[in-house]
>>> print(open('start.cif').read())   # mmCIF, N, CA and C atoms
data_upload
#
loop_
_atom_site.label_atom_id
_atom_site.label_comp_id
_atom_site.auth_asym_id
_atom_site.auth_seq_id
_atom_site.Cartn_x
_atom_site.Cartn_y
_atom_site.Cartn_z
N MET O 1 -11.92 26.78 -18.67
CA MET O 1 -12.10 26.32 -17.30
C MET O 1 -10.93 26.85 -16.48
N SER O 2 -11.21 27.49 -15.36
CA SER O 2 -10.16 28.13 -14.58
C SER O 2 -9.53 27.23 -13.53
N HIS O 3 -10.11 26.06 -13.24
CA HIS O 3 -9.57 25.16 -12.23
C HIS O 3 -9.43 23.76 -12.80
N SER O 4 -8.52 22.99 -12.22
CA SER O 4 -8.38 21.59 -12.59
C SER O 4 -9.13 20.74 -11.57
N HIS O 5 -9.82 19.75 -12.06
CA HIS O 5 -10.57 18.83 -11.21
C HIS O 5 -10.13 17.43 -11.57
N VAL O 6 -9.59 16.71 -10.60
CA VAL O 6 -8.95 15.43 -10.87
C VAL O 6 -9.45 14.35 -9.91
N SER O 7 -9.71 13.18 -10.45
CA SER O 7 -9.95 11.99 -9.64
C SER O 7 -8.80 11.04 -9.96
N ASN O 8 -7.91 10.87 -9.01
CA ASN O 8 -6.71 10.06 -9.20
C ASN O 8 -6.62 9.07 -8.05
N LEU O 9 -7.32 7.96 -8.17
CA LEU O 9 -7.41 6.96 -7.11
C LEU O 9 -6.46 5.81 -7.39
N MET O 10 -5.66 5.46 -6.39
CA MET O 10 -4.65 4.43 -6.55
C MET O 10 -4.75 3.41 -5.43
N HIS O 11 -4.83 2.14 -5.82
CA HIS O 11 -4.70 1.03 -4.86
C HIS O 11 -3.26 0.57 -4.96
N CYS O 12 -2.50 0.76 -3.90
CA CYS O 12 -1.10 0.33 -3.93
C CYS O 12 -0.89 -0.76 -2.90
N THR O 13 0.06 -1.61 -3.19
CA THR O 13 0.43 -2.65 -2.26
C THR O 13 1.94 -2.87 -2.33
N PHE O 14 2.52 -3.11 -1.18
CA PHE O 14 3.96 -3.38 -1.12
C PHE O 14 4.24 -4.25 0.10
N SER O 15 5.32 -5.00 0.01
CA SER O 15 5.60 -5.97 1.07
C SER O 15 6.85 -5.59 1.86
N THR O 16 6.99 -6.26 2.98
CA THR O 16 8.21 -6.14 3.75
C THR O 16 9.32 -6.86 3.01
N LYS O 17 10.55 -6.51 3.32
CA LYS O 17 11.70 -7.15 2.68
C LYS O 17 11.62 -8.66 2.86
N GLU O 18 11.71 -9.36 1.74
CA GLU O 18 11.63 -10.83 1.71
C GLU O 18 10.36 -11.36 2.36
N ARG O 19 9.34 -10.50 2.41
CA ARG O 19 8.04 -10.82 3.00
C ARG O 19 8.15 -11.34 4.43
N TYR O 20 9.10 -10.78 5.16
CA TYR O 20 9.28 -11.14 6.57
C TYR O 20 8.08 -10.60 7.36
N PRO O 21 7.52 -11.36 8.29
CA PRO O 21 6.29 -10.92 9.01
C PRO O 21 6.56 -9.89 10.11
N PHE O 22 7.07 -8.73 9.72
CA PHE O 22 7.35 -7.64 10.66
C PHE O 22 6.08 -7.01 11.22
N LEU O 23 4.99 -7.02 10.45
CA LEU O 23 3.81 -6.22 10.77
C LEU O 23 2.91 -6.95 11.76
N THR O 24 3.29 -6.87 13.01
CA THR O 24 2.53 -7.48 14.10
C THR O 24 1.26 -6.67 14.35
N PRO O 25 0.28 -7.27 15.01
CA PRO O 25 -0.93 -6.49 15.34
C PRO O 25 -0.62 -5.22 16.13
N GLU O 26 0.36 -5.28 17.02
CA GLU O 26 0.74 -4.10 17.82
C GLU O 26 1.31 -2.99 16.93
N LEU O 27 2.15 -3.38 15.98
CA LEU O 27 2.72 -2.39 15.07
C LEU O 27 1.64 -1.82 14.15
N GLU O 28 0.77 -2.68 13.64
CA GLU O 28 -0.31 -2.21 12.76
C GLU O 28 -1.15 -1.12 13.41
N LEU O 29 -1.44 -1.28 14.71
CA LEU O 29 -2.27 -0.29 15.41
C LEU O 29 -1.69 1.11 15.32
N ARG O 30 -0.39 1.21 15.20
CA ARG O 30 0.26 2.52 15.10
C ARG O 30 0.67 2.85 13.67
N LEU O 31 1.03 1.83 12.91
CA LEU O 31 1.52 2.06 11.54
C LEU O 31 0.42 2.52 10.59
N TRP O 32 -0.75 1.88 10.64
CA TRP O 32 -1.81 2.28 9.71
C TRP O 32 -2.17 3.76 9.88
N PRO O 33 -2.39 4.25 11.11
CA PRO O 33 -2.66 5.69 11.25
C PRO O 33 -1.48 6.56 10.80
N TYR O 34 -0.26 6.07 11.04
CA TYR O 34 0.91 6.85 10.62
C TYR O 34 0.95 6.98 9.10
N LEU O 35 0.66 5.89 8.40
CA LEU O 35 0.61 5.95 6.93
C LEU O 35 -0.44 6.96 6.47
N GLY O 36 -1.59 6.98 7.16
CA GLY O 36 -2.62 7.97 6.84
C GLY O 36 -2.13 9.39 7.07
N GLY O 37 -1.33 9.59 8.11
CA GLY O 37 -0.75 10.91 8.38
C GLY O 37 0.23 11.34 7.30
N ILE O 38 1.04 10.40 6.82
CA ILE O 38 1.97 10.71 5.72
C ILE O 38 1.16 11.16 4.51
N ALA O 39 0.10 10.43 4.21
CA ALA O 39 -0.74 10.80 3.07
C ALA O 39 -1.29 12.22 3.26
N ARG O 40 -1.87 12.48 4.41
CA ARG O 40 -2.46 13.80 4.69
C ARG O 40 -1.44 14.92 4.57
N GLU O 41 -0.24 14.72 5.13
CA GLU O 41 0.81 15.74 5.07
C GLU O 41 1.25 16.05 3.64
N ASN O 42 1.00 15.11 2.73
CA ASN O 42 1.43 15.28 1.34
C ASN O 42 0.25 15.47 0.39
N ARG O 43 -0.86 15.99 0.94
CA ARG O 43 -2.05 16.35 0.16
C ARG O 43 -2.72 15.15 -0.50
N MET O 44 -2.51 13.95 0.04
CA MET O 44 -3.23 12.77 -0.41
C MET O 44 -4.33 12.49 0.61
N LYS O 45 -5.29 11.65 0.23
CA LYS O 45 -6.30 11.18 1.17
C LYS O 45 -6.18 9.66 1.23
N ALA O 46 -6.02 9.13 2.41
CA ALA O 46 -6.00 7.68 2.60
C ALA O 46 -7.44 7.23 2.83
N LEU O 47 -8.01 6.55 1.86
CA LEU O 47 -9.39 6.08 1.95
C LEU O 47 -9.47 4.74 2.68
N ALA O 48 -8.40 3.96 2.62
CA ALA O 48 -8.32 2.69 3.36
C ALA O 48 -6.86 2.27 3.45
N ILE O 49 -6.50 1.72 4.59
CA ILE O 49 -5.15 1.16 4.80
C ILE O 49 -5.33 -0.13 5.59
N GLY O 50 -4.67 -1.17 5.14
CA GLY O 50 -4.74 -2.45 5.82
C GLY O 50 -3.68 -3.38 5.29
N GLY O 51 -3.72 -4.60 5.73
CA GLY O 51 -2.75 -5.55 5.23
C GLY O 51 -2.65 -6.77 6.10
N ALA O 52 -1.54 -7.43 6.00
CA ALA O 52 -1.25 -8.63 6.77
C ALA O 52 0.14 -8.48 7.35
N ASP O 53 0.66 -9.55 7.92
CA ASP O 53 1.95 -9.44 8.62
C ASP O 53 3.14 -9.15 7.72
N ASP O 54 2.96 -9.31 6.40
CA ASP O 54 4.09 -9.12 5.49
C ASP O 54 3.84 -8.12 4.37
N HIS O 55 2.71 -7.43 4.39
CA HIS O 55 2.45 -6.45 3.33
C HIS O 55 1.34 -5.47 3.71
N VAL O 56 1.28 -4.40 2.94
CA VAL O 56 0.32 -3.32 3.14
C VAL O 56 -0.46 -3.09 1.86
N HIS O 57 -1.73 -2.73 2.01
CA HIS O 57 -2.56 -2.23 0.92
C HIS O 57 -3.04 -0.85 1.34
N ALA O 58 -3.10 0.06 0.39
CA ALA O 58 -3.66 1.39 0.68
C ALA O 58 -4.43 1.87 -0.54
N LEU O 59 -5.57 2.46 -0.31
CA LEU O 59 -6.31 3.15 -1.35
C LEU O 59 -6.13 4.63 -1.09
N LEU O 60 -5.45 5.29 -2.01
CA LEU O 60 -5.10 6.69 -1.86
C LEU O 60 -5.71 7.52 -2.97
N SER O 61 -6.18 8.69 -2.61
CA SER O 61 -6.60 9.69 -3.57
C SER O 61 -5.46 10.69 -3.68
N LEU O 62 -4.87 10.77 -4.87
CA LEU O 62 -3.68 11.61 -5.07
C LEU O 62 -4.05 12.96 -5.66
N PRO O 63 -3.28 14.00 -5.31
CA PRO O 63 -3.48 15.28 -5.99
C PRO O 63 -3.10 15.15 -7.47
N GLY O 64 -3.66 15.97 -8.29
CA GLY O 64 -3.45 15.88 -9.73
C GLY O 64 -2.01 16.01 -10.19
N VAL O 65 -1.16 16.60 -9.38
CA VAL O 65 0.23 16.80 -9.78
C VAL O 65 1.18 15.72 -9.25
N MET O 66 0.64 14.68 -8.60
CA MET O 66 1.50 13.67 -8.00
C MET O 66 1.41 12.35 -8.76
N SER O 67 2.56 11.77 -9.06
CA SER O 67 2.60 10.47 -9.72
C SER O 67 2.42 9.35 -8.70
N PHE O 68 2.05 8.18 -9.18
CA PHE O 68 1.97 7.00 -8.31
C PHE O 68 3.32 6.75 -7.66
N ALA O 69 4.38 6.84 -8.46
CA ALA O 69 5.73 6.56 -7.94
C ALA O 69 6.09 7.49 -6.79
N LYS O 70 5.79 8.76 -6.92
CA LYS O 70 6.09 9.72 -5.85
C LYS O 70 5.27 9.41 -4.60
N ALA O 71 4.00 9.08 -4.78
CA ALA O 71 3.14 8.76 -3.63
C ALA O 71 3.70 7.56 -2.86
N VAL O 72 4.06 6.51 -3.57
CA VAL O 72 4.59 5.31 -2.90
C VAL O 72 5.94 5.63 -2.24
N GLN O 73 6.77 6.41 -2.89
CA GLN O 73 8.06 6.80 -2.31
C GLN O 73 7.86 7.53 -0.98
N LEU O 74 6.93 8.46 -0.94
CA LEU O 74 6.66 9.22 0.29
C LEU O 74 6.15 8.31 1.40
N VAL O 75 5.23 7.43 1.06
CA VAL O 75 4.63 6.55 2.07
C VAL O 75 5.65 5.54 2.58
N LYS O 76 6.34 4.87 1.68
CA LYS O 76 7.30 3.85 2.11
C LYS O 76 8.49 4.47 2.84
N GLY O 77 9.05 5.53 2.29
CA GLY O 77 10.22 6.17 2.90
C GLY O 77 9.92 6.75 4.26
N GLY O 78 8.80 7.48 4.36
CA GLY O 78 8.44 8.09 5.63
C GLY O 78 8.11 7.07 6.70
N SER O 79 7.43 6.00 6.31
CA SER O 79 7.05 4.99 7.31
C SER O 79 8.24 4.15 7.75
N SER O 80 9.15 3.88 6.85
CA SER O 80 10.35 3.12 7.21
C SER O 80 11.19 3.90 8.23
N LYS O 81 11.37 5.18 7.97
CA LYS O 81 12.12 6.01 8.91
C LYS O 81 11.42 6.04 10.27
N TRP O 82 10.09 6.19 10.26
CA TRP O 82 9.33 6.24 11.50
C TRP O 82 9.47 4.94 12.29
N VAL O 83 9.39 3.79 11.62
CA VAL O 83 9.52 2.51 12.32
C VAL O 83 10.90 2.43 12.98
N HIS O 84 11.96 2.80 12.24
CA HIS O 84 13.30 2.74 12.82
C HIS O 84 13.47 3.70 14.00
N ASP O 85 12.91 4.90 13.88
CA ASP O 85 13.03 5.90 14.95
C ASP O 85 12.19 5.55 16.18
N THR O 86 11.03 4.94 15.96
CA THR O 86 10.08 4.68 17.03
C THR O 86 10.30 3.34 17.72
N PHE O 87 10.79 2.38 16.98
CA PHE O 87 10.97 1.02 17.50
C PHE O 87 12.42 0.59 17.32
N PRO O 88 13.31 0.98 18.23
CA PRO O 88 14.74 0.66 18.08
C PRO O 88 15.03 -0.83 17.89
N ALA O 89 14.17 -1.69 18.41
CA ALA O 89 14.40 -3.14 18.25
C ALA O 89 14.12 -3.61 16.82
N MET O 90 13.53 -2.75 15.98
CA MET O 90 13.17 -3.15 14.61
C MET O 90 14.12 -2.56 13.57
N GLN O 91 15.39 -2.49 13.87
CA GLN O 91 16.35 -1.91 12.95
C GLN O 91 16.50 -2.71 11.65
N LYS O 92 16.08 -3.98 11.67
CA LYS O 92 16.15 -4.81 10.45
C LYS O 92 14.92 -4.62 9.55
N PHE O 93 13.94 -3.86 10.03
CA PHE O 93 12.73 -3.62 9.23
C PHE O 93 13.09 -2.91 7.94
N GLN O 94 12.53 -3.41 6.84
CA GLN O 94 12.65 -2.76 5.53
C GLN O 94 11.41 -3.10 4.71
N TRP O 95 11.08 -2.21 3.78
CA TRP O 95 10.09 -2.52 2.76
C TRP O 95 10.82 -3.14 1.57
N GLN O 96 10.15 -4.01 0.86
CA GLN O 96 10.68 -4.56 -0.39
C GLN O 96 10.84 -3.40 -1.37
N GLU O 97 11.75 -3.52 -2.29
CA GLU O 97 12.05 -2.42 -3.21
C GLU O 97 10.86 -2.01 -4.08
N GLY O 98 10.14 -2.94 -4.65
CA GLY O 98 9.08 -2.61 -5.61
C GLY O 98 7.72 -2.43 -4.95
N TYR O 99 6.71 -2.34 -5.79
CA TYR O 99 5.34 -2.16 -5.34
C TYR O 99 4.40 -2.44 -6.50
N GLY O 100 3.14 -2.56 -6.19
CA GLY O 100 2.10 -2.61 -7.20
C GLY O 100 1.22 -1.39 -7.02
N ALA O 101 0.84 -0.77 -8.11
CA ALA O 101 -0.05 0.39 -8.06
C ALA O 101 -1.08 0.25 -9.17
N PHE O 102 -2.34 0.33 -8.78
CA PHE O 102 -3.42 0.05 -9.71
C PHE O 102 -4.45 1.17 -9.64
N SER O 103 -4.82 1.69 -10.80
CA SER O 103 -5.84 2.74 -10.81
C SER O 103 -7.19 2.14 -10.46
N VAL O 104 -8.01 2.95 -9.80
CA VAL O 104 -9.33 2.51 -9.34
C VAL O 104 -10.35 3.53 -9.81
N SER O 105 -11.43 3.06 -10.41
CA SER O 105 -12.49 4.00 -10.79
C SER O 105 -13.34 4.32 -9.57
N ALA O 106 -13.97 5.47 -9.59
CA ALA O 106 -14.78 5.90 -8.45
C ALA O 106 -15.86 4.88 -8.11
N SER O 107 -16.39 4.21 -9.12
CA SER O 107 -17.44 3.22 -8.87
C SER O 107 -16.93 1.99 -8.11
N GLN O 108 -15.63 1.77 -8.11
CA GLN O 108 -15.03 0.60 -7.44
C GLN O 108 -14.47 0.92 -6.06
N VAL O 109 -14.61 2.16 -5.60
CA VAL O 109 -14.06 2.55 -4.30
C VAL O 109 -14.64 1.71 -3.16
N PRO O 110 -15.95 1.57 -3.03
CA PRO O 110 -16.47 0.77 -1.91
C PRO O 110 -15.95 -0.68 -1.92
N LYS O 111 -15.89 -1.28 -3.09
CA LYS O 111 -15.40 -2.66 -3.22
C LYS O 111 -13.91 -2.74 -2.85
N THR O 112 -13.14 -1.76 -3.25
CA THR O 112 -11.70 -1.76 -2.94
C THR O 112 -11.47 -1.54 -1.45
N ILE O 113 -12.23 -0.65 -0.84
CA ILE O 113 -12.13 -0.43 0.61
C ILE O 113 -12.46 -1.72 1.36
N ALA O 114 -13.52 -2.39 0.96
CA ALA O 114 -13.90 -3.66 1.61
C ALA O 114 -12.79 -4.70 1.45
N TYR O 115 -12.20 -4.75 0.27
CA TYR O 115 -11.11 -5.69 0.01
C TYR O 115 -9.92 -5.41 0.94
N ILE O 116 -9.55 -4.16 1.08
CA ILE O 116 -8.42 -3.78 1.94
C ILE O 116 -8.76 -4.06 3.41
N ASN O 117 -9.97 -3.74 3.82
CA ASN O 117 -10.36 -3.96 5.21
C ASN O 117 -10.51 -5.43 5.57
N ASN O 118 -10.59 -6.30 4.57
CA ASN O 118 -10.78 -7.73 4.79
C ASN O 118 -9.49 -8.54 4.59
N GLN O 119 -8.35 -7.89 4.67
CA GLN O 119 -7.09 -8.57 4.39
C GLN O 119 -6.80 -9.75 5.32
N LYS O 120 -7.07 -9.62 6.59
CA LYS O 120 -6.78 -10.71 7.54
C LYS O 120 -7.51 -11.99 7.12
N GLU O 121 -8.80 -11.85 6.86
CA GLU O 121 -9.60 -13.01 6.44
C GLU O 121 -9.13 -13.53 5.09
N HIS O 122 -8.88 -12.62 4.17
CA HIS O 122 -8.44 -12.96 2.82
C HIS O 122 -7.18 -13.83 2.86
N HIS O 123 -6.26 -13.48 3.74
CA HIS O 123 -4.97 -14.19 3.77
C HIS O 123 -4.98 -15.47 4.61
N ARG O 124 -6.13 -15.85 5.06
CA ARG O 124 -6.25 -17.20 5.64
C ARG O 124 -6.32 -18.24 4.53
N LYS O 125 -6.66 -17.78 3.32
CA LYS O 125 -6.85 -18.69 2.18
C LYS O 125 -5.81 -18.50 1.08
N LYS O 126 -5.15 -17.36 1.06
CA LYS O 126 -4.29 -17.02 -0.07
C LYS O 126 -3.05 -16.29 0.41
N THR O 127 -1.89 -16.61 -0.19
CA THR O 127 -0.65 -15.93 0.16
C THR O 127 -0.59 -14.57 -0.54
N PHE O 128 0.31 -13.73 -0.06
CA PHE O 128 0.51 -12.43 -0.72
C PHE O 128 0.97 -12.64 -2.16
N LYS O 129 1.83 -13.61 -2.37
CA LYS O 129 2.32 -13.88 -3.74
C LYS O 129 1.15 -14.22 -4.67
N GLU O 130 0.26 -15.10 -4.23
CA GLU O 130 -0.91 -15.46 -5.04
C GLU O 130 -1.79 -14.23 -5.28
N GLU O 131 -1.99 -13.45 -4.23
CA GLU O 131 -2.82 -12.26 -4.35
C GLU O 131 -2.21 -11.25 -5.32
N PHE O 132 -0.91 -11.02 -5.21
CA PHE O 132 -0.26 -10.02 -6.05
C PHE O 132 -0.30 -10.44 -7.52
N LEU O 133 -0.04 -11.70 -7.80
CA LEU O 133 -0.10 -12.19 -9.19
C LEU O 133 -1.52 -12.05 -9.74
N GLU O 134 -2.53 -12.30 -8.91
CA GLU O 134 -3.92 -12.10 -9.32
C GLU O 134 -4.18 -10.63 -9.68
N LEU O 135 -3.67 -9.72 -8.85
CA LEU O 135 -3.85 -8.29 -9.13
C LEU O 135 -3.18 -7.90 -10.45
N LEU O 136 -1.97 -8.39 -10.67
CA LEU O 136 -1.28 -8.09 -11.93
C LEU O 136 -2.09 -8.60 -13.12
N ASN O 137 -2.57 -9.83 -13.03
CA ASN O 137 -3.35 -10.42 -14.12
C ASN O 137 -4.67 -9.69 -14.32
N LYS O 138 -5.36 -9.38 -13.24
CA LYS O 138 -6.64 -8.68 -13.32
C LYS O 138 -6.51 -7.34 -14.02
N HIS O 139 -5.39 -6.66 -13.78
CA HIS O 139 -5.18 -5.34 -14.37
C HIS O 139 -4.42 -5.39 -15.69
N GLY O 140 -4.17 -6.59 -16.21
CA GLY O 140 -3.54 -6.73 -17.52
C GLY O 140 -2.09 -6.28 -17.55
N ILE O 141 -1.40 -6.40 -16.44
CA ILE O 141 -0.01 -5.97 -16.38
C ILE O 141 0.89 -7.15 -16.74
N GLU O 142 1.70 -6.95 -17.75
CA GLU O 142 2.64 -7.99 -18.16
C GLU O 142 3.81 -8.05 -17.18
N TYR O 143 4.29 -9.25 -16.92
CA TYR O 143 5.41 -9.43 -15.99
C TYR O 143 6.14 -10.71 -16.32
N ASP O 144 7.37 -10.78 -15.88
CA ASP O 144 8.18 -11.99 -15.99
C ASP O 144 8.19 -12.62 -14.61
N SER O 145 7.58 -13.78 -14.46
CA SER O 145 7.43 -14.41 -13.15
C SER O 145 8.75 -14.67 -12.45
N ARG O 146 9.84 -14.70 -13.21
CA ARG O 146 11.16 -14.89 -12.58
C ARG O 146 11.57 -13.69 -11.74
N TYR O 147 10.99 -12.52 -12.02
CA TYR O 147 11.45 -11.30 -11.36
C TYR O 147 10.38 -10.62 -10.51
N VAL O 148 9.22 -11.22 -10.35
CA VAL O 148 8.18 -10.59 -9.55
C VAL O 148 8.56 -10.65 -8.08
N PHE O 149 9.05 -11.80 -7.63
CA PHE O 149 9.45 -11.96 -6.25
C PHE O 149 10.89 -12.36 -6.22
#
>>> encode(input="start.cif", output="structure tokens")
Amino acid sequence: MSHSHVSNLMHCTFSTKERYPFLTPELELRLWPYLGGIARENRMKALAIGGADDHVHALLSLPGVMSFAKAVQLVKGGSSKWVHDTFPAMQKFQWQEGYGAFSVSASQVPKTIAYINNQKEHHRKKTFKEEFLELLNKHGIEYDSRYVF
């Protein structure tokens, strides 16, 4: 076979530092498209981006040569710099150090997109902490609850 063909779908989520509610509706209107632009510039495809006032979810299709860690580094680093450069009043804005990254099968893409697009409604009933622990458990990821948050 002369070409590589890869399906590398990642649902990632990360929060603001100490889950501070930096992500206002006004910021989201500009931040979500900016995150999509970072993905595009780095040969990723942003299939869905959404979140709540203290965290982001993104479903990204990664090129075959890119790790999850590199993808999240590019998105978080680029967006943090952009927020500081674009909104001088938000100099205290930071992303939390860690993240969650979960592989997604092609058959689950529509369900994952709907989940990301429904974040506002979802978080009327559940905190980000509850949601994140559910994602870890659902994907069978072992963790020490003392160090998750």
>>> atom_distance(input="start.cif", atom1="CA of Gln96 in chain O", atom2="CA of Ser15 in chain O")
5.5 Å
>>> select_by_dssp(input="start.cif", residues="range 9-138 of chain O", states="alpha helix (DSSP H)", output="JSON, numbers by chain")
{"O": [25, 26, 27, 28, 29, 30, 31, 32, 33, 34, 35, 36, 37, 38, 39, 40, 41, 68, 69, 70, 71, 72, 73, 74, 75, 76, 77, 78, 79, 80, 81, 82, 83, 84, 85, 86, 109, 110, 111, 112, 113, 114, 115, 116, 117, 119, 120, 121, 122, 128, 129, 130, 131, 132, 133, 134, 135, 136, 137, 138]}
>>> resolve_selection(input="start.cif", expression="the PyMOL selection byres ((chain O and resi 8) around 7)", output="VMD selection string")
chain O and resid 6 to 7 9 to 10 60 to 64 103 to 104
>>> closest_residue(input="start.cif", among="O:Cys12, O:Leu133, O:Val148, O:Val109", to="Val72 in chain O", atoms="only N, CA and C atoms")
O:Cys12
>>> select_by_dssp(input="start.cif", residues="chain O", states="strand (DSSP E)", output="count of residues only")
26
